[in-house]
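Content type compact mmCIF, C-alpha atoms, from the file query-v3.txt:
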# COMPACT_ATOMS: atom_id res chain seq x y z
CA MET A 1 1.60 -24.62 -2.07
CA ALA A 2 3.77 -22.90 0.51
CA ASP A 3 1.01 -20.58 1.65
CA ASP A 4 1.32 -20.87 5.42
CA PRO A 5 4.06 -18.61 6.81
CA LYS A 6 3.75 -20.21 10.22
CA THR A 7 6.56 -22.43 11.42
CA SER A 8 6.74 -25.75 9.57
CA PRO A 9 9.08 -28.68 10.30
CA ARG A 10 11.48 -27.50 7.59
CA GLY A 11 10.73 -23.80 7.59
CA PHE A 12 8.72 -21.66 5.20
CA ALA A 13 11.66 -20.91 2.89
CA ARG A 14 12.55 -24.58 2.48
CA ASP A 15 8.94 -25.32 1.55
CA VAL A 16 9.00 -22.56 -1.06
CA GLN A 17 12.31 -23.73 -2.51
CA SER A 18 11.04 -27.30 -2.68
CA GLU A 19 7.84 -26.19 -4.40
CA VAL A 20 9.72 -24.18 -7.02
CA TYR A 21 12.42 -26.73 -7.75
CA ARG A 22 10.04 -29.67 -7.90
CA ALA A 23 7.84 -27.78 -10.34
CA GLY A 24 10.96 -27.11 -12.39
CA LEU A 25 11.35 -30.85 -12.99
CA SER A 26 8.13 -30.62 -14.98
CA GLY A 27 9.27 -27.54 -16.84
CA ILE A 28 7.15 -25.16 -14.74
CA ARG A 29 8.76 -21.90 -13.74
CA PRO A 30 7.47 -19.30 -11.25
CA ALA A 31 4.58 -17.15 -12.46
CA VAL A 32 6.66 -14.01 -11.90
CA PRO A 33 10.43 -13.35 -11.90
CA VAL A 34 12.00 -13.72 -8.47
CA ASP A 35 14.67 -11.06 -9.04
CA SER A 36 13.25 -7.60 -8.29
CA GLY A 37 14.79 -5.95 -11.36
CA SER A 38 13.49 -8.66 -13.67
CA LEU A 39 10.08 -8.39 -12.02
CA GLU A 40 9.93 -4.66 -12.74
CA ARG A 41 10.95 -5.20 -16.37
CA ALA A 42 8.29 -7.89 -16.78
CA ALA A 43 5.66 -5.53 -15.37
CA ARG A 44 6.72 -2.82 -17.81
CA LYS A 45 5.97 -5.21 -20.67
CA ALA A 46 2.62 -6.25 -19.18
CA VAL A 47 0.93 -2.83 -18.96
CA SER A 48 0.55 0.31 -21.05
CA ALA A 49 3.31 2.91 -21.05
CA GLU A 50 1.04 5.36 -19.18
CA ALA A 51 0.13 2.79 -16.55
CA PHE A 52 3.73 1.78 -15.93
CA ALA A 53 4.79 5.42 -15.66
CA TYR A 54 2.16 5.98 -12.97
CA LEU A 55 2.92 2.80 -11.03
CA ALA A 56 6.71 2.97 -11.22
CA GLY A 57 7.38 6.70 -11.28
CA GLY A 58 8.37 9.14 -8.57
CA ALA A 59 8.58 12.84 -7.93
CA GLY A 60 10.87 15.14 -9.89
CA ALA A 61 14.14 13.54 -10.97
CA GLU A 62 13.23 10.53 -8.77
CA ALA A 63 16.19 11.15 -6.48
CA THR A 64 14.13 10.04 -3.47
CA MET A 65 13.44 6.69 -5.09
CA THR A 66 17.18 6.28 -5.61
CA ALA A 67 17.86 7.38 -2.03
CA ASN A 68 15.45 4.78 -0.67
CA ARG A 69 17.46 2.00 -2.26
CA ALA A 70 20.83 3.55 -1.45
CA ALA A 71 19.89 3.69 2.23
CA PHE A 72 19.66 -0.10 2.40
CA ALA A 73 23.08 -0.40 0.71
CA ARG A 74 24.64 1.52 3.61
CA TRP A 75 24.03 -1.44 5.91
CA GLN A 76 25.39 -4.99 5.90
CA ILE A 77 23.91 -7.99 7.66
CA TRP A 78 26.44 -9.44 10.11
CA PRO A 79 25.85 -13.21 10.36
CA ARG A 80 26.64 -15.30 13.43
CA VAL A 81 27.39 -19.02 13.15
CA LEU A 82 27.03 -22.27 15.06
CA ARG A 83 23.65 -21.42 16.47
CA ASP A 84 20.68 -23.77 16.35
CA VAL A 85 18.34 -22.16 13.81
CA SER A 86 16.54 -25.34 12.79
CA GLU A 87 13.24 -23.82 13.93
CA ARG A 88 12.44 -20.18 13.20
CA ASP A 89 9.53 -18.03 14.32
CA LEU A 90 8.62 -15.26 11.85
CA SER A 91 5.74 -13.89 13.90
CA ILE A 92 5.41 -10.46 15.50
CA GLU A 93 2.95 -8.68 17.78
CA LEU A 94 1.26 -5.77 16.04
CA LEU A 95 -1.78 -3.76 17.16
CA GLY A 96 -2.66 -6.28 19.82
CA ARG A 97 -2.58 -9.33 17.55
CA LYS A 98 -0.01 -11.95 16.70
CA ARG A 99 0.90 -11.76 13.01
CA SER A 100 2.38 -14.65 11.08
CA THR A 101 5.11 -12.52 9.51
CA PRO A 102 6.56 -9.01 9.92
CA PHE A 103 5.09 -7.86 6.60
CA VAL A 104 2.10 -5.75 5.63
CA LEU A 105 0.97 -4.81 2.12
CA SER A 106 1.20 -1.05 1.71
CA PRO A 107 -1.64 0.76 -0.08
CA ILE A 108 -1.24 1.21 -3.83
CA GLY A 109 -3.92 3.07 -5.72
CA VAL A 110 -5.41 2.55 -9.17
CA ALA A 111 -4.53 -1.15 -9.19
CA GLU A 112 -6.81 -1.61 -12.22
CA MET A 113 -3.96 -0.22 -14.31
CA ALA A 114 -2.03 -3.37 -13.44
CA HIS A 115 -4.82 -5.96 -13.64
CA ALA A 116 -8.57 -6.05 -14.11
CA GLU A 117 -9.15 -7.78 -10.74
CA ALA A 118 -7.21 -4.96 -9.08
CA ASP A 119 -7.57 -4.71 -5.29
CA VAL A 120 -9.64 -7.88 -5.09
CA ALA A 121 -6.75 -9.91 -6.48
CA VAL A 122 -4.36 -8.33 -3.99
CA GLY A 123 -6.77 -9.04 -1.15
CA ARG A 124 -7.02 -12.71 -2.11
CA ALA A 125 -3.25 -13.07 -2.19
CA ALA A 126 -2.82 -11.28 1.13
CA ALA A 127 -5.47 -13.47 2.72
CA ALA A 128 -3.83 -16.65 1.43
CA LEU A 129 -0.55 -15.69 3.10
CA ASP A 130 -2.08 -14.16 6.24
CA VAL A 131 -0.45 -10.77 5.58
CA PRO A 132 -2.43 -7.63 6.57
CA TYR A 133 -3.53 -5.60 3.55
CA LEU A 134 -3.80 -1.84 3.82
CA LEU A 135 -6.73 -1.04 1.54
CA SER A 136 -6.09 2.01 -0.61
CA ASN A 137 -8.22 5.12 -0.38
CA GLN A 138 -7.65 5.37 -4.16
CA ALA A 139 -8.82 1.85 -4.86
CA SER A 140 -10.23 0.47 -8.08
CA ARG A 141 -12.71 -1.71 -6.19
CA PRO A 142 -14.87 -0.68 -3.21
CA MET A 143 -13.60 -1.79 0.17
CA GLU A 144 -16.69 -3.94 0.71
CA GLU A 145 -15.84 -6.03 -2.33
CA VAL A 146 -12.25 -6.55 -1.22
CA ALA A 147 -13.38 -7.42 2.30
CA ALA A 148 -15.72 -10.09 0.93
CA ALA A 149 -12.81 -11.64 -0.99
CA MET A 150 -10.56 -11.65 2.11
CA GLY A 151 -12.98 -13.25 4.53
CA ALA A 152 -11.73 -13.03 8.12
CA ARG A 153 -8.13 -12.12 7.21
CA SER A 154 -6.59 -8.86 8.41
CA ARG A 155 -7.14 -5.59 6.59
CA TRP A 156 -6.67 -1.93 7.45
CA PHE A 157 -7.91 1.18 5.66
CA GLN A 158 -5.82 4.05 4.34
CA LEU A 159 -7.52 7.42 4.71
CA TYR A 160 -6.62 10.37 2.53
CA TRP A 161 -8.11 13.22 4.53
CA SER A 162 -10.40 14.92 2.04
CA ALA A 163 -11.88 18.40 2.09
CA SER A 164 -15.23 16.93 3.19
CA ASP A 165 -15.34 15.70 6.77
CA GLU A 166 -18.70 14.10 6.04
CA LEU A 167 -16.97 12.02 3.39
CA ASN A 168 -14.04 11.21 5.69
CA ALA A 169 -16.42 10.02 8.40
CA SER A 170 -18.34 7.93 5.87
CA PHE A 171 -15.16 6.22 4.67
CA VAL A 172 -14.22 5.42 8.27
CA ARG A 173 -17.68 4.03 9.05
CA ARG A 174 -17.53 1.84 5.97
CA ALA A 175 -14.04 0.64 6.92
CA GLU A 176 -15.30 -0.40 10.33
CA ALA A 177 -18.29 -2.17 8.78
CA SER A 178 -15.92 -3.91 6.34
CA GLY A 179 -13.91 -5.45 9.15
CA CYS A 180 -10.87 -3.19 8.93
CA GLU A 181 -8.71 -3.34 12.05
CA ALA A 182 -7.14 0.11 11.85
CA ILE A 183 -7.30 3.48 10.11
CA VAL A 184 -4.02 4.68 8.61
CA VAL A 185 -4.02 8.39 7.77
CA THR A 186 -1.67 9.23 4.92
CA LEU A 187 -0.17 12.65 5.68
CA ASP A 188 2.18 13.25 2.76
CA THR A 189 -0.34 13.59 -0.07
CA HIS A 190 -2.21 16.73 0.89
CA LEU A 191 -0.84 18.01 -2.43
CA LEU A 192 -0.10 15.84 -5.47
CA GLY A 193 3.64 15.50 -6.03
CA TRP A 194 5.42 16.78 -9.16
CA ARG A 195 5.49 13.49 -11.05
CA THR A 196 7.41 14.03 -14.24
CA ARG A 197 6.54 10.76 -15.96
CA ASP A 198 2.82 11.43 -15.58
CA LEU A 199 3.21 15.05 -16.68
CA ASP A 200 5.12 14.02 -19.80
CA ALA A 201 2.31 11.61 -20.65
CA ALA A 202 -0.39 14.17 -19.69
CA TYR A 203 -1.93 11.27 -17.80
CA LEU A 204 -3.64 11.27 -14.42
CA PRO A 205 -5.80 8.17 -13.94
CA PHE A 206 -8.31 9.91 -11.69
CA THR A 207 -9.34 12.20 -14.55
CA ARG A 208 -10.21 9.03 -16.50
CA GLY A 209 -12.46 7.74 -13.75
CA GLN A 210 -9.87 5.26 -12.46
CA GLY A 211 -8.89 4.76 -8.83
CA ILE A 212 -11.95 6.47 -7.35
CA ALA A 213 -14.09 3.43 -6.50
CA GLN A 214 -14.14 4.26 -2.78
CA TYR A 215 -15.74 7.59 -3.74
CA THR A 216 -18.24 6.48 -6.36
CA SER A 217 -19.44 3.71 -4.03
CA ASP A 218 -19.98 6.14 -1.16
CA PRO A 219 -23.42 7.61 -0.38
CA VAL A 220 -21.98 10.91 0.88
CA PHE A 221 -19.91 11.35 -2.26
CA ALA A 222 -22.89 10.45 -4.46
CA GLU A 223 -24.87 13.22 -2.79
CA LEU A 224 -22.03 15.70 -3.35
CA VAL A 225 -22.08 14.81 -7.04
CA ARG A 226 -25.83 15.23 -7.31
CA GLN A 227 -25.63 18.60 -5.54
CA ARG A 228 -22.97 19.70 -7.98
CA VAL A 229 -25.15 18.80 -10.96
CA ALA A 230 -28.25 20.38 -9.40
CA ALA A 231 -26.30 23.60 -8.88
CA GLY A 232 -25.44 23.62 -12.57
CA ALA A 233 -21.73 23.01 -12.06
CA GLY A 234 -21.81 19.68 -13.86
CA GLY A 235 -18.50 18.34 -15.04
CA GLY A 236 -17.22 21.35 -16.94
CA ALA A 237 -17.14 21.79 -20.69
CA ARG A 238 -18.13 18.67 -22.56
CA PRO A 239 -14.95 17.17 -24.01
CA LYS A 240 -14.61 15.66 -27.45
CA VAL A 241 -15.89 12.09 -27.59
CA THR A 242 -12.81 9.87 -27.88
CA PRO A 243 -11.93 6.29 -26.91
CA THR A 244 -10.45 7.74 -23.71
CA LEU A 245 -13.70 9.49 -22.85
CA LEU A 246 -15.70 6.35 -23.58
CA ALA A 247 -13.42 4.31 -21.32
CA SER A 248 -13.80 6.89 -18.56
CA ALA A 249 -17.58 6.89 -18.85
CA PHE A 250 -17.64 3.10 -18.77
CA SER A 251 -15.44 3.05 -15.68
CA ILE A 252 -17.74 5.45 -13.83
CA ALA A 253 -20.84 3.60 -14.98
CA ARG A 254 -19.52 0.35 -13.54
CA ALA A 255 -18.43 1.95 -10.30
CA GLY A 256 -20.58 2.42 -7.23
CA ALA A 257 -21.33 -0.98 -5.78
CA ARG A 258 -23.39 0.59 -3.00
CA THR A 259 -24.86 3.70 -4.62
CA PRO A 260 -24.36 3.54 -8.38
CA LEU A 261 -24.18 6.98 -9.88
CA VAL A 262 -25.48 5.90 -13.27
CA ASP A 263 -27.74 3.05 -14.29
CA GLY A 264 -28.00 1.86 -17.85
CA GLY A 265 -24.41 1.24 -18.88
CA VAL A 266 -22.15 3.24 -21.17
CA ARG A 267 -24.92 4.88 -23.21
CA ALA A 268 -26.61 6.24 -20.11
CA ALA A 269 -23.24 7.33 -18.72
CA LEU A 270 -22.42 9.26 -21.87
CA ARG A 271 -25.77 11.07 -21.76
CA SER A 272 -25.65 11.78 -18.03
CA PRO A 273 -23.75 14.70 -16.48
CA LEU A 274 -23.04 12.56 -13.41
CA PRO A 275 -19.88 10.73 -14.55
CA ARG A 276 -17.98 13.89 -15.45
CA ALA A 277 -19.37 15.62 -12.37
CA ALA A 278 -18.08 12.74 -10.24
CA ILE A 279 -14.56 13.25 -11.56
CA GLU A 280 -14.71 17.00 -10.98
CA THR A 281 -16.14 16.46 -7.50
CA PHE A 282 -13.35 14.05 -6.67
CA LEU A 283 -10.72 16.51 -7.87
CA ASP A 284 -12.31 19.18 -5.65
CA VAL A 285 -12.45 17.11 -2.45
CA PHE A 286 -9.47 14.78 -2.87
CA SER A 287 -7.15 16.40 -0.34
CA ASN A 288 -7.00 19.01 2.38
CA PRO A 289 -3.74 21.01 2.51
CA ALA A 290 -5.07 22.89 5.55
CA LEU A 291 -4.98 19.73 7.70
CA THR A 292 -3.28 20.19 11.10
CA TRP A 293 -2.62 18.15 14.22
CA ALA A 294 -5.78 19.50 15.82
CA ASP A 295 -7.91 17.83 13.13
CA LEU A 296 -6.86 14.36 14.29
CA ALA A 297 -9.22 14.64 17.24
CA LYS A 298 -12.11 14.20 14.82
CA LEU A 299 -10.98 10.66 14.09
CA ARG A 300 -11.58 9.69 17.70
CA GLU A 301 -15.15 10.89 17.28
CA TRP A 302 -15.58 8.86 14.10
CA THR A 303 -14.03 5.57 15.21
CA LYS A 304 -12.70 3.48 18.06
CA LEU A 305 -10.28 1.67 15.75
CA PRO A 306 -6.53 2.15 16.23
CA VAL A 307 -5.20 5.16 14.32
CA LEU A 308 -1.79 5.16 12.63
CA LEU A 309 -0.11 8.06 10.85
CA LYS A 310 1.68 7.31 7.57
CA GLY A 311 4.31 9.64 6.15
CA VAL A 312 6.16 10.53 9.37
CA LEU A 313 9.89 11.11 8.77
CA HIS A 314 10.97 13.63 11.42
CA PRO A 315 11.46 12.61 15.07
CA ASP A 316 9.69 15.78 16.23
CA ASP A 317 6.61 14.77 14.25
CA ALA A 318 6.78 11.33 15.83
CA ALA A 319 6.77 12.99 19.25
CA GLN A 320 3.77 15.12 18.23
CA ALA A 321 1.99 11.98 17.09
CA LEU A 322 2.48 10.42 20.51
CA ASP A 323 1.21 13.58 22.18
CA HIS A 324 -1.97 13.24 20.09
CA GLY A 325 -2.49 9.66 21.16
CA VAL A 326 -1.90 7.79 17.91
CA ASP A 327 -1.57 4.02 17.99
CA GLY A 328 1.21 3.61 15.45
CA ILE A 329 3.51 5.34 12.98
CA VAL A 330 4.45 4.47 9.42
CA VAL A 331 7.83 5.87 8.43
CA SER A 332 7.37 6.50 4.72
CA ASN A 333 8.16 8.97 1.96
CA HIS A 334 5.43 7.51 -0.26
CA GLY A 335 7.93 5.46 -2.20
CA GLY A 336 9.57 8.65 -3.43
CA ARG A 337 6.40 9.80 -5.18
CA GLN A 338 5.81 13.07 -3.33
CA VAL A 339 8.98 15.04 -2.50
CA ASP A 340 12.08 14.80 -4.66
CA ASP A 341 15.39 14.91 -2.76
CA SER A 342 13.59 13.81 0.42
CA VAL A 343 15.27 11.94 3.22
CA ALA A 344 15.15 8.18 2.64
CA SER A 345 12.64 6.34 4.78
CA LEU A 346 15.24 3.91 6.14
CA ASP A 347 17.57 6.79 7.05
CA ALA A 348 14.72 8.42 8.98
CA LEU A 349 13.73 5.21 10.78
CA PRO A 350 16.29 5.11 13.65
CA GLY A 351 15.53 8.66 14.76
CA VAL A 352 11.80 8.01 14.81
CA VAL A 353 12.26 4.70 16.63
CA GLU A 354 14.42 6.37 19.28
CA ARG A 355 11.90 9.15 19.84
CA VAL A 356 8.96 6.73 20.03
CA GLY A 357 10.78 4.58 22.56
CA GLY A 358 8.65 1.50 22.03
CA ARG A 359 5.40 3.18 23.02
CA VAL A 360 3.71 2.43 19.68
CA PRO A 361 4.63 0.23 16.71
CA VAL A 362 6.71 1.75 13.92
CA ILE A 363 6.31 0.38 10.41
CA LEU A 364 8.88 1.03 7.67
CA ASP A 365 7.59 1.67 4.16
CA SER A 366 9.38 2.65 0.91
CA GLY A 367 12.28 1.02 -0.91
CA VAL A 368 11.80 -2.57 0.30
CA ARG A 369 12.59 -5.04 -2.47
CA GLY A 370 13.06 -8.31 -0.62
CA GLY A 371 13.42 -10.22 2.62
CA ALA A 372 16.98 -9.05 3.27
CA ASP A 373 15.78 -5.43 3.14
CA ALA A 374 13.09 -6.31 5.66
CA PHE A 375 15.73 -7.83 7.97
CA ILE A 376 17.72 -4.56 7.87
CA ALA A 377 14.63 -2.48 8.65
CA LEU A 378 13.70 -4.70 11.57
CA ALA A 379 17.26 -4.59 12.90
CA LEU A 380 17.05 -0.79 12.86
CA GLY A 381 13.95 -0.88 15.02
CA ALA A 382 10.94 -1.31 12.73
CA THR A 383 8.09 -3.35 14.15
CA ALA A 384 6.92 -4.41 10.69
CA VAL A 385 7.76 -3.73 7.06
CA GLY A 386 5.56 -2.68 4.16
CA ILE A 387 5.76 -4.19 0.67
CA GLY A 388 4.68 -1.80 -2.08
CA ARG A 389 5.64 -1.64 -5.74
CA PRO A 390 6.89 -5.26 -5.99
CA TYR A 391 3.46 -6.72 -5.33
CA VAL A 392 1.76 -4.48 -7.87
CA TYR A 393 4.38 -5.57 -10.40
CA GLY A 394 3.41 -9.14 -9.59
CA LEU A 395 -0.23 -8.17 -10.08
CA ALA A 396 0.59 -6.76 -13.51
CA VAL A 397 2.42 -9.90 -14.61
CA ALA A 398 0.17 -12.64 -13.25
CA GLY A 399 -2.80 -11.30 -11.26
CA ALA A 400 -3.50 -12.72 -7.82
CA PRO A 401 -1.02 -15.62 -8.27
CA GLY A 402 1.62 -13.04 -9.14
CA VAL A 403 0.95 -11.07 -5.97
CA ARG A 404 1.02 -14.25 -3.94
CA GLU A 405 4.38 -15.26 -5.36
CA VAL A 406 5.95 -11.85 -4.80
CA VAL A 407 4.83 -11.71 -1.17
CA ARG A 408 5.72 -15.38 -0.68
CA ASN A 409 9.21 -14.65 -1.98
CA HIS A 410 9.67 -11.76 0.44
CA ILE A 411 8.65 -13.99 3.34
CA ALA A 412 10.83 -16.88 2.19
CA GLU A 413 13.92 -14.71 1.70
CA PHE A 414 13.37 -13.16 5.11
CA ASP A 415 13.08 -16.63 6.68
CA LEU A 416 16.36 -17.72 5.11
CA THR A 417 18.10 -14.44 5.99
CA LEU A 418 16.95 -14.78 9.58
CA GLY A 419 18.36 -18.30 9.87
CA LEU A 420 21.56 -17.68 7.93
CA ALA A 421 22.25 -14.63 10.10
CA GLY A 422 22.05 -16.87 13.16
CA HIS A 423 18.63 -15.90 14.54
CA ARG A 424 15.57 -17.96 15.39
CA SER A 425 12.98 -15.21 15.76
CA VAL A 426 12.27 -11.61 14.87
CA VAL A 427 12.76 -10.50 18.48
CA GLU A 428 16.42 -11.58 18.28
CA VAL A 429 17.09 -9.17 15.41
CA GLY A 430 18.60 -5.83 16.47
CA PRO A 431 21.36 -3.30 15.83
CA GLY A 432 23.99 -5.95 16.60
CA SER A 433 22.75 -7.90 13.57
CA LEU A 434 24.13 -5.18 11.26
CA ARG A 435 27.24 -3.18 10.62
CA ALA A 436 27.62 -0.01 8.57
CA ALA A 437 28.86 -0.68 5.05

Could you render the structure from this file as structure tokens?
Amino acid sequence: MADDPKTSPRGFARDVQSEVYRAGLSGIRPAVPVDSGSLERAARKAVSAEAFAYLAGGAGAEATMTANRAAFARWQIWPRVLRDVSERDLSIELLGRKRSTPFVLSPIGVAEMAHAEADVAVGRAAAALDVPYLLSNQASRPMEEVAAAMGARSRWFQLYWSASDELNASFVRRAEASGCEAIVVTLDTHLLGWRTRDLDAAYLPFTRGQGIAQYTSDPVFAELVRQRVAAGAGGGARPKVTPTLLASAFSIARAGARTPLVDGGVRAALRSPLPRAAIETFLDVFSNPALTWADLAKLREWTKLPVLLKGVLHPDDAAQALDHGVDGIVVSNHGGRQVDDSVASLDALPGVVERVGGRVPVILDSGVRGGADAFIALALGATAVGIGRPYVYGLAVAGAPGVREVVRNHIAEFDLTLGLAGHRSVVEVGPGSLRAA
């Protein structure tokens, strides 16, 4: 399998093409569609309507999602010819380490809606391709379990800054212990966006006990839940017993690899006030809309790991980030899931890159659907590029092999685009590699 993105005699893309076409002689097709539109349609068929709405949807009329894609269409790659591109180097330097490719896997929560192996499957695929995986704060599997599946491969941790600093510090300590190389604070989800698809379905996975494995496996969170029950707050009025409630109770009962909230399976979970109290506790502490720049100083007390800020779109905020000593910036509008009619991430990228002036790495996230998109982002100054929805679509269609193929395809298309544009390495890619459409 073409699993090693490092330079090979023929190049990574040629190895992938050979693998696919040779398999085709035996009637074997790729596990997931290569075309991004076909991949999304296949994922829609593979999961429930509610799950697809959550994974694929955006805020409001989803104008920001449309803007993210339109921003890439405003640029054209400008190839140069008669250059020796027989050997190509896809590697970059990022956070003090050489990376095999310019890609990272952006955090996507509630991966269990796509596949039962959830974050573990994504971690295995990322490890196989040597692509850093940004573990979601809203994971379906505890970070320790994903870390065990990834071995020594690179992983970072996404922190949603909750209302409990004790809990925030605990997450960071666990991330360090799990071998994470950086903490990435997501800044654009201090309030949950107006997501019309989810509202129409009256469906929020967290209320069903999904996507909160980092919490239910955390000792600080477990204590918050027990305090809530001891104070008589419980989990609110007991709802009618339905298949949905049973599934939620089962999910909570299985959660908590480190400090299980409930022992005894579904029956015990249904009798205990803890599962419903855990959901209510999560909803109480999930975010902190009062967060300010001054709060970032606490992170330096909690960890010595590099700190990146995700969700920066304005150059002035990038300058503030530098003033507060951050180690990197992720230009992202959360894939269009938070603010409708927001500026597109790619449109915001050049201004942020100019203001940062090379002092810290800048990662572009949102709207990337292939290797050519990554080339454009890198030409506009990004240090690295995040893959988001496409890999979770691959997860929905074919589990870990599906994720691997999606990420592999991004790398392979980037390799070919690099060579066909007349470049031998990422460092050669710049504004002169593009022209405005």

Using Å and a single decimal, report how far atom CA of A:Ala400 sits from atom CA of A:Pro107.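 Taking atom CA of A:Pro107 and atom CA of A:Ala400, their separation equals 15.7 Å.
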
*Between atom CA of A:Ala128 and atom CA of A:Val104, what is the distance, to one decimal in Å?*
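Taking atom CA of A:Ala128 as the start and atom CA of A:Val104 as the end point, the length is 13.1 Å.
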
List every residue of stretch 249-356 of chain A that has an atom at most 8 Å from any atom of stretch 376-381 of chain A, and for each one report the closest atom pair and its distance in Å to one decimal, counting all atoms listed in the file, with rows sorted by chain and then by increasing residue number, as JSON lines.
{"residue": "A:Leu346", "atom": "CA", "partner": "A:Ala377", "partner_atom": "CA", "distance": 6.9}
{"residue": "A:Leu349", "atom": "CA", "partner": "A:Leu380", "partner_atom": "CA", "distance": 7.2}
{"residue": "A:Pro350", "atom": "CA", "partner": "A:Leu380", "partner_atom": "CA", "distance": 6.0}
{"residue": "A:Val353", "atom": "CA", "partner": "A:Gly381", "partner_atom": "CA", "distance": 6.0}

Using all atoms listed in the file, pick whichever of A:Glu40, A:Glu428, A:Glu62, A:Asp323 has the shortest atom-to-atom distance to A:Leu296.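 Result for the nearest residue to A:Leu296: A:Asp323.
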
One residue among A:Ala398, A:Gly370, A:Gly358, A:Pro431 is nearest to A:Val34 when using all atoms listed in the file, and that residue is A:Gly370

Margin query: Excluding A:Leu191 and its own-chain neighbours fewer than 4 positions away, which residues fall within 10 Å of it when counting all atoms listed in the file? Please give them as number ranges by chain.
Written below: A: 187, 286-289, 338

Can those selected residues be exported to a file as a JSON list (two decimals), in the frame of the given file so that it contains C-alpha atoms?
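Resulting contents of part-v6.json:
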[["chain", "number", "residue", "atom", "x", "y", "z"],
["A", 187, "LEU", "CA", -0.17, 12.65, 5.68],
["A", 286, "PHE", "CA", -9.47, 14.78, -2.87],
["A", 287, "SER", "CA", -7.15, 16.40, -0.34],
["A", 288, "ASN", "CA", -7.00, 19.01, 2.38],
["A", 289, "PRO", "CA", -3.74, 21.01, 2.51],
["A", 338, "GLN", "CA", 5.81, 13.07, -3.33]]

Find the residues around A:Ala152 up to 10 Å (all atoms listed in the file counted), leave out those fewer than 2 positions away in its own chain, and share them as a PyMOL selection string.
chain A and resi 127+130+147-150+154-155+179-180
